[in-house]
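Pasting protein.txt here (compact mmCIF, C-alpha atoms):
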```txt
# COMPACT_ATOMS: atom_id res chain seq x y z
CA MET U 1 0.00 0.00 0.00
CA THR U 2 1.41 3.42 -0.93
CA MET U 3 1.70 6.34 1.48
CA ALA U 4 -1.19 8.06 -0.24
CA ASN U 5 -3.34 4.96 0.14
CA GLN U 6 -2.42 4.71 3.80
CA LYS U 7 -3.64 8.26 4.24
CA LEU U 8 -6.86 7.48 2.45
CA ALA U 9 -7.29 4.39 4.61
CA GLY U 10 -7.83 6.57 7.66
CA ALA U 11 -4.43 7.65 8.98
CA GLU U 12 -4.54 11.16 10.40
CA ASN U 13 -2.02 13.96 10.11
CA ARG U 14 -0.21 14.19 13.44
CA VAL U 15 0.68 17.88 13.25
CA PRO U 16 -1.57 20.96 13.06
CA GLU U 17 -2.66 22.89 10.03
CA VAL U 18 -0.69 26.08 9.45
CA THR U 19 -3.00 28.88 10.57
CA VAL U 20 -2.69 32.22 12.34
CA ASP U 21 -3.14 30.36 15.63
CA PHE U 22 -0.26 28.07 14.68
CA TRP U 23 2.19 30.94 14.12
CA LEU U 24 0.99 32.84 17.18
CA ILE U 25 1.51 29.96 19.59
CA LYS U 26 4.73 28.94 17.86
CA LEU U 27 6.18 32.40 18.38
CA MET U 28 5.13 32.31 22.03
CA ALA U 29 6.64 28.85 22.45
CA VAL U 30 10.02 29.87 21.07
CA THR U 31 10.01 33.06 23.15
CA MET U 32 9.31 31.03 26.25
CA GLY U 33 11.97 28.49 25.25
CA GLU U 34 14.61 31.21 25.47
CA THR U 35 13.49 32.69 28.78
CA ALA U 36 12.59 29.38 30.45
CA ALA U 37 16.03 27.94 29.74
CA ASP U 38 17.61 31.00 31.41
CA TYR U 39 15.15 30.83 34.31
CA LEU U 40 15.89 27.18 35.09
CA ALA U 41 19.64 27.39 34.64
CA VAL U 42 20.27 30.78 36.27
CA ASN U 43 17.35 31.89 38.46
CA LEU U 44 16.66 28.47 39.97
CA GLY U 45 20.38 27.78 40.18
CA LEU U 46 20.20 24.40 38.46
CA GLY U 47 23.08 25.23 36.17
CA LEU U 48 23.30 24.65 32.46
CA THR U 49 24.31 20.99 32.57
CA LEU U 50 21.68 19.79 35.07
CA THR U 51 18.98 21.84 33.37
CA SER U 52 19.90 20.26 30.04
CA VAL U 53 19.71 16.73 31.46
CA ILE U 54 16.36 17.30 33.18
CA MET U 55 14.71 18.99 30.22
CA THR U 56 16.02 16.39 27.75
CA VAL U 57 14.51 13.58 29.83
CA VAL U 58 11.17 15.43 30.05
CA LEU U 59 11.28 16.06 26.29
CA ILE U 60 11.87 12.38 25.55
CA VAL U 61 8.85 11.44 27.66
CA VAL U 62 6.60 14.00 25.95
CA ILE U 63 7.85 13.09 22.45
CA GLY U 64 7.04 9.47 23.29
CA ALA U 65 3.52 10.55 24.26
CA GLN U 66 3.25 12.53 21.02
CA PHE U 67 4.21 9.49 18.90
CA ALA U 68 1.70 7.38 20.80
CA GLN U 69 -1.22 9.64 19.81
CA LYS U 70 -1.18 8.77 16.06
CA ARG U 71 -3.11 12.00 15.53
CA TYR U 72 -2.89 15.70 16.32
CA VAL U 73 -3.69 16.37 19.97
CA PRO U 74 -3.07 20.08 20.70
CA ALA U 75 -2.00 19.76 24.35
CA VAL U 76 0.55 17.01 23.68
CA TYR U 77 1.84 18.49 20.43
CA TRP U 78 2.42 22.00 21.80
CA ALA U 79 3.95 20.64 25.02
CA ALA U 80 6.47 18.92 22.77
CA VAL U 81 7.12 22.15 20.85
CA VAL U 82 7.69 24.15 24.04
CA LEU U 83 10.06 21.52 25.43
CA ILE U 84 11.99 21.09 22.19
CA SER U 85 12.34 24.86 22.08
CA VAL U 86 13.88 24.81 25.56
CA VAL U 87 16.19 21.89 24.71
CA GLY U 88 17.20 23.43 21.38
CA THR U 89 18.18 26.59 23.24
CA LEU U 90 20.14 24.56 25.79
CA VAL U 91 22.01 22.64 23.07
CA THR U 92 23.38 25.88 21.63
CA ASP U 93 24.01 27.38 25.07
CA ASN U 94 26.01 24.30 26.08
CA LEU U 95 28.13 24.48 22.95
CA THR U 96 28.80 28.17 23.57
CA ASP U 97 29.22 28.31 27.35
CA ASN U 98 30.52 24.84 28.29
CA PHE U 99 32.55 23.95 25.21
CA GLY U 100 33.55 27.37 23.92
CA VAL U 101 32.20 26.79 20.41
CA PRO U 102 31.87 30.15 18.59
CA LEU U 103 28.37 31.16 17.55
CA GLU U 104 29.53 31.39 13.94
CA THR U 105 30.55 27.72 14.07
CA SER U 106 27.29 26.67 15.76
CA THR U 107 25.25 28.54 13.15
CA ILE U 108 27.09 26.85 10.28
CA PHE U 109 26.95 23.42 11.94
CA PHE U 110 23.21 23.51 12.60
CA THR U 111 22.55 24.89 9.12
CA VAL U 112 24.36 21.88 7.66
CA ALA U 113 22.66 19.48 10.11
CA LEU U 114 19.25 20.83 9.16
CA GLY U 115 20.09 20.60 5.46
CA VAL U 116 21.20 16.97 5.86
CA THR U 117 17.99 16.19 7.76
CA PHE U 118 15.86 17.67 4.97
CA LEU U 119 17.86 15.77 2.34
CA ALA U 120 17.50 12.45 4.18
CA TRP U 121 13.79 13.14 4.72
CA TYR U 122 13.23 13.90 1.06
CA LEU U 123 15.23 10.90 -0.17
CA ALA U 124 13.25 8.62 2.15
CA GLU U 125 9.79 10.11 1.62
CA ARG U 126 10.01 12.21 -1.59
CA THR U 127 8.33 15.10 0.22
CA LEU U 128 8.96 17.56 3.04
CA SER U 129 5.27 18.35 3.38
CA ILE U 130 3.87 18.84 6.87
CA HIS U 131 0.40 17.95 5.61
CA THR U 132 1.11 14.22 5.44
CA ILE U 133 2.87 13.42 8.72
CA PHE U 134 1.07 10.13 9.33
CA THR U 135 3.90 7.58 9.80
CA ASN U 136 6.48 7.25 12.55
CA ARG U 137 9.33 7.77 10.10
CA ARG U 138 7.92 11.01 8.77
CA GLU U 139 7.20 12.24 12.27
CA GLY U 140 10.74 11.34 13.32
CA PHE U 141 12.17 13.48 10.51
CA TYR U 142 9.72 16.25 11.41
CA TRP U 143 10.79 16.49 15.06
CA LEU U 144 14.49 16.16 14.24
CA ALA U 145 14.16 19.05 11.77
CA ILE U 146 12.34 21.13 14.39
CA LEU U 147 15.07 20.46 16.97
CA PHE U 148 17.70 21.70 14.54
CA THR U 149 15.62 24.78 13.62
CA PHE U 150 15.51 25.74 17.30
CA ALA U 151 19.23 25.17 17.85
CA LEU U 152 20.04 27.03 14.62
CA GLY U 153 17.68 29.87 15.46
CA THR U 154 19.22 30.27 18.90
CA ALA U 155 22.74 30.38 17.46
CA ALA U 156 21.81 32.78 14.66
CA GLY U 157 19.83 35.06 16.97
CA ASP U 158 22.62 35.24 19.55
CA LEU U 159 25.16 35.76 16.78
CA VAL U 160 23.34 38.78 15.41
CA ALA U 161 22.22 40.26 18.75
CA GLU U 162 25.33 39.66 20.84
CA ARG U 163 28.31 38.78 18.69
CA PHE U 164 27.50 41.37 16.02
CA ASP U 165 26.15 43.69 18.75
CA PHE U 166 22.91 44.63 16.98
CA GLY U 167 20.94 44.36 20.22
CA TYR U 168 17.71 42.50 20.86
CA LEU U 169 15.25 44.96 19.35
CA THR U 170 17.16 45.41 16.10
CA THR U 171 17.74 41.67 15.80
CA ALA U 172 14.03 40.99 16.27
CA ALA U 173 13.25 43.59 13.59
CA ILE U 174 15.73 41.99 11.17
CA PHE U 175 14.19 38.53 11.47
CA LEU U 176 10.66 39.92 11.39
CA GLY U 177 11.61 41.62 8.12
CA LEU U 178 12.92 38.35 6.71
CA ILE U 179 9.67 36.60 7.62
CA ALA U 180 7.71 39.40 5.95
CA VAL U 181 9.77 38.93 2.76
CA ILE U 182 9.06 35.19 2.80
CA ALA U 183 5.34 35.80 3.33
CA ALA U 184 5.27 38.28 0.44
CA ALA U 185 7.13 35.85 -1.80
CA TYR U 186 4.60 33.13 -0.98
CA TYR U 187 1.40 35.16 -1.28
CA LEU U 188 2.38 37.50 -4.11
CA PHE U 189 4.86 35.52 -6.19
CA LYS U 190 3.77 31.91 -5.55
CA PHE U 191 6.99 30.94 -3.79
CA ASN U 192 7.06 27.22 -2.92
CA GLY U 193 4.82 26.65 0.11
CA ILE U 194 6.97 23.98 1.76
CA ALA U 195 10.14 26.07 1.42
CA ALA U 196 8.31 29.16 2.69
CA PHE U 197 7.01 27.27 5.73
CA TRP U 198 10.38 25.91 6.80
CA LEU U 199 12.20 29.21 6.23
CA ALA U 200 9.59 31.05 8.29
CA TYR U 201 9.78 28.32 10.94
CA ILE U 202 13.54 28.80 11.21
CA PHE U 203 13.37 32.60 11.43
CA THR U 204 10.61 32.68 14.04
CA ARG U 205 13.08 31.10 16.46
CA PRO U 206 15.59 33.99 16.55
CA LEU U 207 12.66 36.43 16.38
CA GLY U 208 11.11 34.88 19.47
CA ALA U 209 14.45 34.50 21.25
CA SER U 210 15.35 38.16 20.64
CA PHE U 211 11.91 39.26 21.81
CA GLY U 212 12.20 37.09 24.93
CA ASP U 213 15.63 38.52 25.74
CA LEU U 214 14.35 42.04 25.10
CA LEU U 215 11.60 41.53 27.68
CA SER U 216 13.58 39.58 30.27
CA GLN U 217 17.13 40.95 30.25
CA PRO U 218 18.05 43.92 32.50
CA SER U 219 18.34 47.37 30.97
CA GLU U 220 22.14 47.39 31.20
CA TYR U 221 22.17 44.48 28.75
CA GLY U 222 19.70 46.11 26.38
CA GLY U 223 16.51 44.57 27.77
CA LEU U 224 13.37 45.91 29.41
CA GLY U 225 14.06 44.22 32.73
CA PHE U 226 10.87 42.17 33.26
CA GLY U 227 12.96 39.15 34.24
CA THR U 228 12.81 35.54 33.14
CA ILE U 229 10.22 34.54 35.75
CA TYR U 230 7.46 36.92 34.70
CA THR U 231 8.29 36.59 31.01
CA SER U 232 8.31 32.78 31.06
CA PHE U 233 5.13 32.35 33.08
CA GLY U 234 3.35 35.09 31.15
CA PHE U 235 3.96 33.34 27.85
CA LEU U 236 3.18 29.95 29.39
CA ALA U 237 -0.22 31.26 30.50
CA ALA U 238 -0.91 32.61 27.01
CA ILE U 239 0.11 29.28 25.44
CA ILE U 240 -2.21 27.36 27.78
CA VAL U 241 -5.14 29.63 26.89
CA ILE U 242 -4.57 29.16 23.15
CA VAL U 243 -4.14 25.39 23.51
CA VAL U 244 -7.41 25.17 25.45
CA TYR U 245 -9.09 27.14 22.66
CA MET U 246 -7.54 24.87 20.00
CA THR U 247 -8.65 21.74 21.86
CA ALA U 248 -12.21 23.02 22.25
CA SER U 249 -12.34 24.01 18.58
CA GLN U 250 -11.06 20.62 17.48
CA ASP U 251 -13.54 18.77 19.70
CA GLN U 252 -16.38 20.89 18.34
CA ARG U 253 -15.28 20.26 14.76
CA GLU U 254 -15.00 16.49 15.31
CA THR U 255 -18.43 16.39 17.00
CA SER U 256 -19.92 18.30 14.08
CA GLU U 257 -18.35 15.88 11.58
CA LEU U 258 -19.69 12.85 13.47
CA SER U 259 -23.18 14.33 13.61
CA HIS U 260 -23.19 14.63 9.83
```

Encoded form (structure tokens):
Amino acid sequence: MTMANQKLAGAENRVPEVTVDFWLIKLMAVTMGETAADYLAVNLGLGLTLTSVIMTVVLIVVIGAQFAQKRYVPAVYWAAVVLISVVGTLVTDNLTDNFGVPLETSTIFFTVALGVTFLAWYLAERTLSIHTIFTNRREGFYWLAILFTFALGTAAGDLVAERFDFGYLTTAAIFLGLIAVIAAAYYLFKFNGIAAFWLAYIFTRPLGASFGDLLSQPSEYGGLGFGTIYTSFGFLAAIIVIVVYMTASQDQRETSELSH
């Protein structure tokens, strides 16, 4: 049976449709990923290494729960996104702070790693579409690609904001501009939808990270000084509200479909 036939036989896509809600919660998740990693490692005093170990274990558990669903379940899916955002941030932070790897090197490495992931995915499945994630292999490629987008986005965002000294606000504006260019290319010039999605997905990470640092970092470092605690929990509360809304909407839609 072909992949298309499997889909027709009743397999469900395991990831959400790309809507305004999707991009809104994704941006919040990546913003929280940046501030939550700092909160756990610095404010709670866990340290970078212990925080990385704890969050990686939690991520593995949640990813296992996500694979077990065999369908899109908003609460599980977005919990996985938030956690992989945190872990992706920690991967880059470990390379920079614990191993002394320059941000330029991390950015290049994760760009190559992401490219290799996409190549392997395409060679195995002949598509990079997020609309047909209905096998374990495709979902495995999907989450691996997302992990690398978060690590790459963290490295690129820190490179521009800190190494190149553009500051958090300017860095956020740069990546927001890039996303706007991609959106214009897609809507006005029929740029490839899959390529547009993944490019926008990559650039929302440094956008969110820069925005999170802008809110949380003290003024002497170019931030607004709200702190990682208030910033992290504020975005977590917003994510929970949107996920509850998504879950209710999905339940209502499924009930409506069954009634017809």

The distance between CA of Ala200 in chain U and CA of Pro218 in chain U is 28.7 Å

| task | Could you tell me which of U:Val81, U:Ile194, U:Ala184, U:Val101 comes closest to Thr31 in chain U if we count all atoms listed in the file? | result |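 Ranked by minimum distance to Thr31 in chain U, first place goes to U:Val81.
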
**Study point:** Exercise: Ile229 in chain U partners within 9 Å, only C-alpha atoms, chain neighbours under 4 positions left out, as a ChimeraX atom specification
**Key:** /U:35-36,39,43,216,233-234

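The smallest atom-to-atom distance between Gly177 in chain U and any of U:Ala196, U:Ala161, U:Phe203, U:Leu90, using only C-alpha atoms, is found for U:Phe203.
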
Correct to one decimal, the distance CA of Thr204 in chain U-CA of Ile174 in chain U is 11.0 Å

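When all atoms listed in the file are used to measure the gap to Thr231 in chain U, the shortest distance among U:Ala145, U:Ala173, U:Leu215, U:Ile108 belongs to U:Leu215.
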
Calculated over only C-alpha atoms, which of the candidates U:Asn13, U:Thr135, U:Thr149, U:Ser52 has the smallest distance to Phe197 in chain U?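 Smallest distance to Phe197 in chain U is found for U:Thr149.
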
| Suppose you want the space between CA of Val42 in chain U and CA of Gly223 in chain U; what is it in Å? |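 We find that CA of Val42 in chain U and CA of Gly223 in chain U lie 16.6 Å from each other.
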
- Item | Pick from U:Leu123, U:Leu59, U:Leu159, U:Val91, whichever lies nearest to Val76 in chain U using all atoms listed in the file |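 For Val76 in chain U, the nearest of the candidates is U:Leu59.
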
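In this comparison, which uses only C-alpha atoms, the residue of U:Leu46, U:Val73, U:Ala41, U:Leu214 approaching Ala172 in chain U most closely is U:Leu214.
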
Practice item. Compile the contact shell of Gly222 in chain U as number ranges by chain: residues with an atom at most 9 Å away, counting all atoms listed in the file, same-chain residues fewer than 5 positions apart removed. Key: U: 167-169, 213-214, 217

Contact residues around Leu114 in chain U with all atoms listed in the file at 12 Å, ignoring same-chain residues under 4 positions, as a list in words:
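Once the nearby chain positions are removed, what remains is Ser106, Thr107, Ile108, Phe109, Phe110, Phe118, Leu119, Ala120, Trp121, Phe141, Tyr142, Trp143, Leu144, Ala145, Ile146, Leu147, Phe148, Thr149, Phe150, Ala151, Leu152, Gly153, Trp198, Leu199 and Ile202 of chain U.
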
Given the selection you just returned, output its residues as a file containing C-alpha atoms, formatted as a PDB file, in the frame of the given file.
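Output file out_7.pdb follows:
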```
ATOM      1  CA  SER U 106      27.290  26.670  15.760  1.00  0.00           C
ATOM      2  CA  THR U 107      25.250  28.540  13.150  1.00  0.00           C
ATOM      3  CA  ILE U 108      27.090  26.850  10.280  1.00  0.00           C
ATOM      4  CA  PHE U 109      26.950  23.420  11.940  1.00  0.00           C
ATOM      5  CA  PHE U 110      23.210  23.510  12.600  1.00  0.00           C
ATOM      6  CA  PHE U 118      15.860  17.670   4.970  1.00  0.00           C
ATOM      7  CA  LEU U 119      17.860  15.770   2.340  1.00  0.00           C
ATOM      8  CA  ALA U 120      17.500  12.450   4.180  1.00  0.00           C
ATOM      9  CA  TRP U 121      13.790  13.140   4.720  1.00  0.00           C
ATOM     10  CA  PHE U 141      12.170  13.480  10.510  1.00  0.00           C
ATOM     11  CA  TYR U 142       9.720  16.250  11.410  1.00  0.00           C
ATOM     12  CA  TRP U 143      10.790  16.490  15.060  1.00  0.00           C
ATOM     13  CA  LEU U 144      14.490  16.160  14.240  1.00  0.00           C
ATOM     14  CA  ALA U 145      14.160  19.050  11.770  1.00  0.00           C
ATOM     15  CA  ILE U 146      12.340  21.130  14.390  1.00  0.00           C
ATOM     16  CA  LEU U 147      15.070  20.460  16.970  1.00  0.00           C
ATOM     17  CA  PHE U 148      17.700  21.700  14.540  1.00  0.00           C
ATOM     18  CA  THR U 149      15.620  24.780  13.620  1.00  0.00           C
ATOM     19  CA  PHE U 150      15.510  25.740  17.300  1.00  0.00           C
ATOM     20  CA  ALA U 151      19.230  25.170  17.850  1.00  0.00           C
ATOM     21  CA  LEU U 152      20.040  27.030  14.620  1.00  0.00           C
ATOM     22  CA  GLY U 153      17.680  29.870  15.460  1.00  0.00           C
ATOM     23  CA  TRP U 198      10.380  25.910   6.800  1.00  0.00           C
ATOM     24  CA  LEU U 199      12.200  29.210   6.230  1.00  0.00           C
ATOM     25  CA  ILE U 202      13.540  28.800  11.210  1.00  0.00           C
TER      26      ILE U 202
END
```

query: Could you name the residues that touch Met32 in chain U at 7 Å or less, counting only C-alpha atoms, but leaving out those on the same chain fewer than 5 positions away, as JSON, numbers by chain?
result: {"U": [212, 232, 235, 236]}

Tell me which protein, DNA and RNA residues are within 7 Å of Ala29 in chain U, counting only C-alpha atoms, leaving out same-chain ones fewer than 4 positions away, and put them as a ChimeraX atom specification. /U:25,33,81-82,85

Any chance you could export the current selection's C-alpha atoms as a PDB file, keeping the file's coordinate frame?
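Written output follows (again-v5.pdb):
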```
ATOM      1  CA  ILE U  25       1.510  29.960  19.590  1.00  0.00           C
ATOM      2  CA  GLY U  33      11.970  28.490  25.250  1.00  0.00           C
ATOM      3  CA  VAL U  81       7.120  22.150  20.850  1.00  0.00           C
ATOM      4  CA  VAL U  82       7.690  24.150  24.040  1.00  0.00           C
ATOM      5  CA  SER U  85      12.340  24.860  22.080  1.00  0.00           C
TER       6      SER U  85
END
```

### Task
List every protein, DNA or RNA residue that has at least one atom no more than 12 Å from (27.2, 38.5, 21.1) in the file's coordinates, counting all atoms listed in the file, and write the result as a list in words.
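Every polymer residue passing the test: Thr96, Pro102, Leu103, Glu104, Thr154, Ala155, Ala156, Gly157, Asp158, Leu159, Val160, Ala161, Glu162, Arg163, Phe164, Asp165, Phe166, Gly167, Tyr168, Thr171, Ser210, Tyr221 and Gly222 of chain U.
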
Generate N, CA and C atoms for range 53-79 of chain U and emit them as a short mmCIF file (atom, residue, chain, number, x, y, z; two decimals), in the frame of the given file.
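Output file out_11.cif follows:
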```
data_model
loop_
_atom_site.label_atom_id
_atom_site.label_comp_id
_atom_site.auth_asym_id
_atom_site.auth_seq_id
_atom_site.Cartn_x
_atom_site.Cartn_y
_atom_site.Cartn_z
N VAL U 53 20.04 18.15 31.22
CA VAL U 53 19.71 16.73 31.46
C VAL U 53 18.24 16.58 31.81
N ILE U 54 17.76 17.39 32.73
CA ILE U 54 16.36 17.30 33.18
C ILE U 54 15.41 17.55 32.02
N MET U 55 15.63 18.63 31.29
CA MET U 55 14.71 18.99 30.22
C MET U 55 14.76 18.01 29.05
N THR U 56 15.92 17.41 28.81
CA THR U 56 16.02 16.39 27.75
C THR U 56 15.21 15.16 28.12
N VAL U 57 15.29 14.75 29.38
CA VAL U 57 14.51 13.58 29.83
C VAL U 57 13.01 13.87 29.71
N VAL U 58 12.60 15.07 30.15
CA VAL U 58 11.17 15.43 30.05
C VAL U 58 10.74 15.47 28.59
N LEU U 59 11.60 16.00 27.72
CA LEU U 59 11.28 16.06 26.29
C LEU U 59 11.10 14.67 25.71
N ILE U 60 11.97 13.75 26.06
CA ILE U 60 11.87 12.38 25.55
C ILE U 60 10.54 11.75 25.95
N VAL U 61 10.13 11.98 27.19
CA VAL U 61 8.85 11.44 27.66
C VAL U 61 7.69 12.03 26.86
N VAL U 62 7.70 13.34 26.66
CA VAL U 62 6.60 14.00 25.95
C VAL U 62 6.60 13.63 24.47
N ILE U 63 7.78 13.52 23.86
CA ILE U 63 7.85 13.09 22.45
C ILE U 63 7.31 11.67 22.32
N GLY U 64 7.60 10.82 23.30
CA GLY U 64 7.04 9.47 23.29
C GLY U 64 5.52 9.51 23.34
N ALA U 65 4.98 10.40 24.18
CA ALA U 65 3.52 10.55 24.26
C ALA U 65 2.96 11.08 22.94
N GLN U 66 3.69 11.99 22.30
CA GLN U 66 3.25 12.53 21.02
C GLN U 66 3.19 11.43 19.95
N PHE U 67 4.20 10.59 19.87
CA PHE U 67 4.21 9.49 18.90
C PHE U 67 3.08 8.50 19.17
N ALA U 68 2.73 8.35 20.43
CA ALA U 68 1.70 7.38 20.80
C ALA U 68 0.31 7.83 20.38
N GLN U 69 0.12 9.12 20.12
CA GLN U 69 -1.22 9.64 19.81
C GLN U 69 -1.72 9.18 18.44
N LYS U 70 -0.81 9.14 17.45
CA LYS U 70 -1.18 8.77 16.06
C LYS U 70 -2.15 9.77 15.45
N ARG U 71 -2.26 10.94 16.04
CA ARG U 71 -3.11 12.00 15.53
C ARG U 71 -2.68 13.30 16.19
N TYR U 72 -3.23 14.41 15.73
CA TYR U 72 -2.89 15.70 16.32
C TYR U 72 -3.72 15.94 17.56
N VAL U 73 -3.06 16.03 18.69
CA VAL U 73 -3.69 16.37 19.97
C VAL U 73 -3.01 17.66 20.45
N PRO U 74 -3.72 18.79 20.43
CA PRO U 74 -3.07 20.08 20.70
C PRO U 74 -2.22 20.13 21.96
N ALA U 75 -2.74 19.64 23.08
CA ALA U 75 -2.00 19.76 24.35
C ALA U 75 -0.67 19.02 24.29
N VAL U 76 -0.68 17.81 23.74
CA VAL U 76 0.55 17.01 23.68
C VAL U 76 1.52 17.60 22.66
N TYR U 77 1.00 17.96 21.49
CA TYR U 77 1.84 18.49 20.43
C TYR U 77 2.55 19.77 20.88
N TRP U 78 1.81 20.71 21.45
CA TRP U 78 2.42 22.00 21.80
C TRP U 78 3.29 21.88 23.04
N ALA U 79 3.02 20.92 23.91
CA ALA U 79 3.95 20.64 25.02
C ALA U 79 5.29 20.20 24.46
#
```
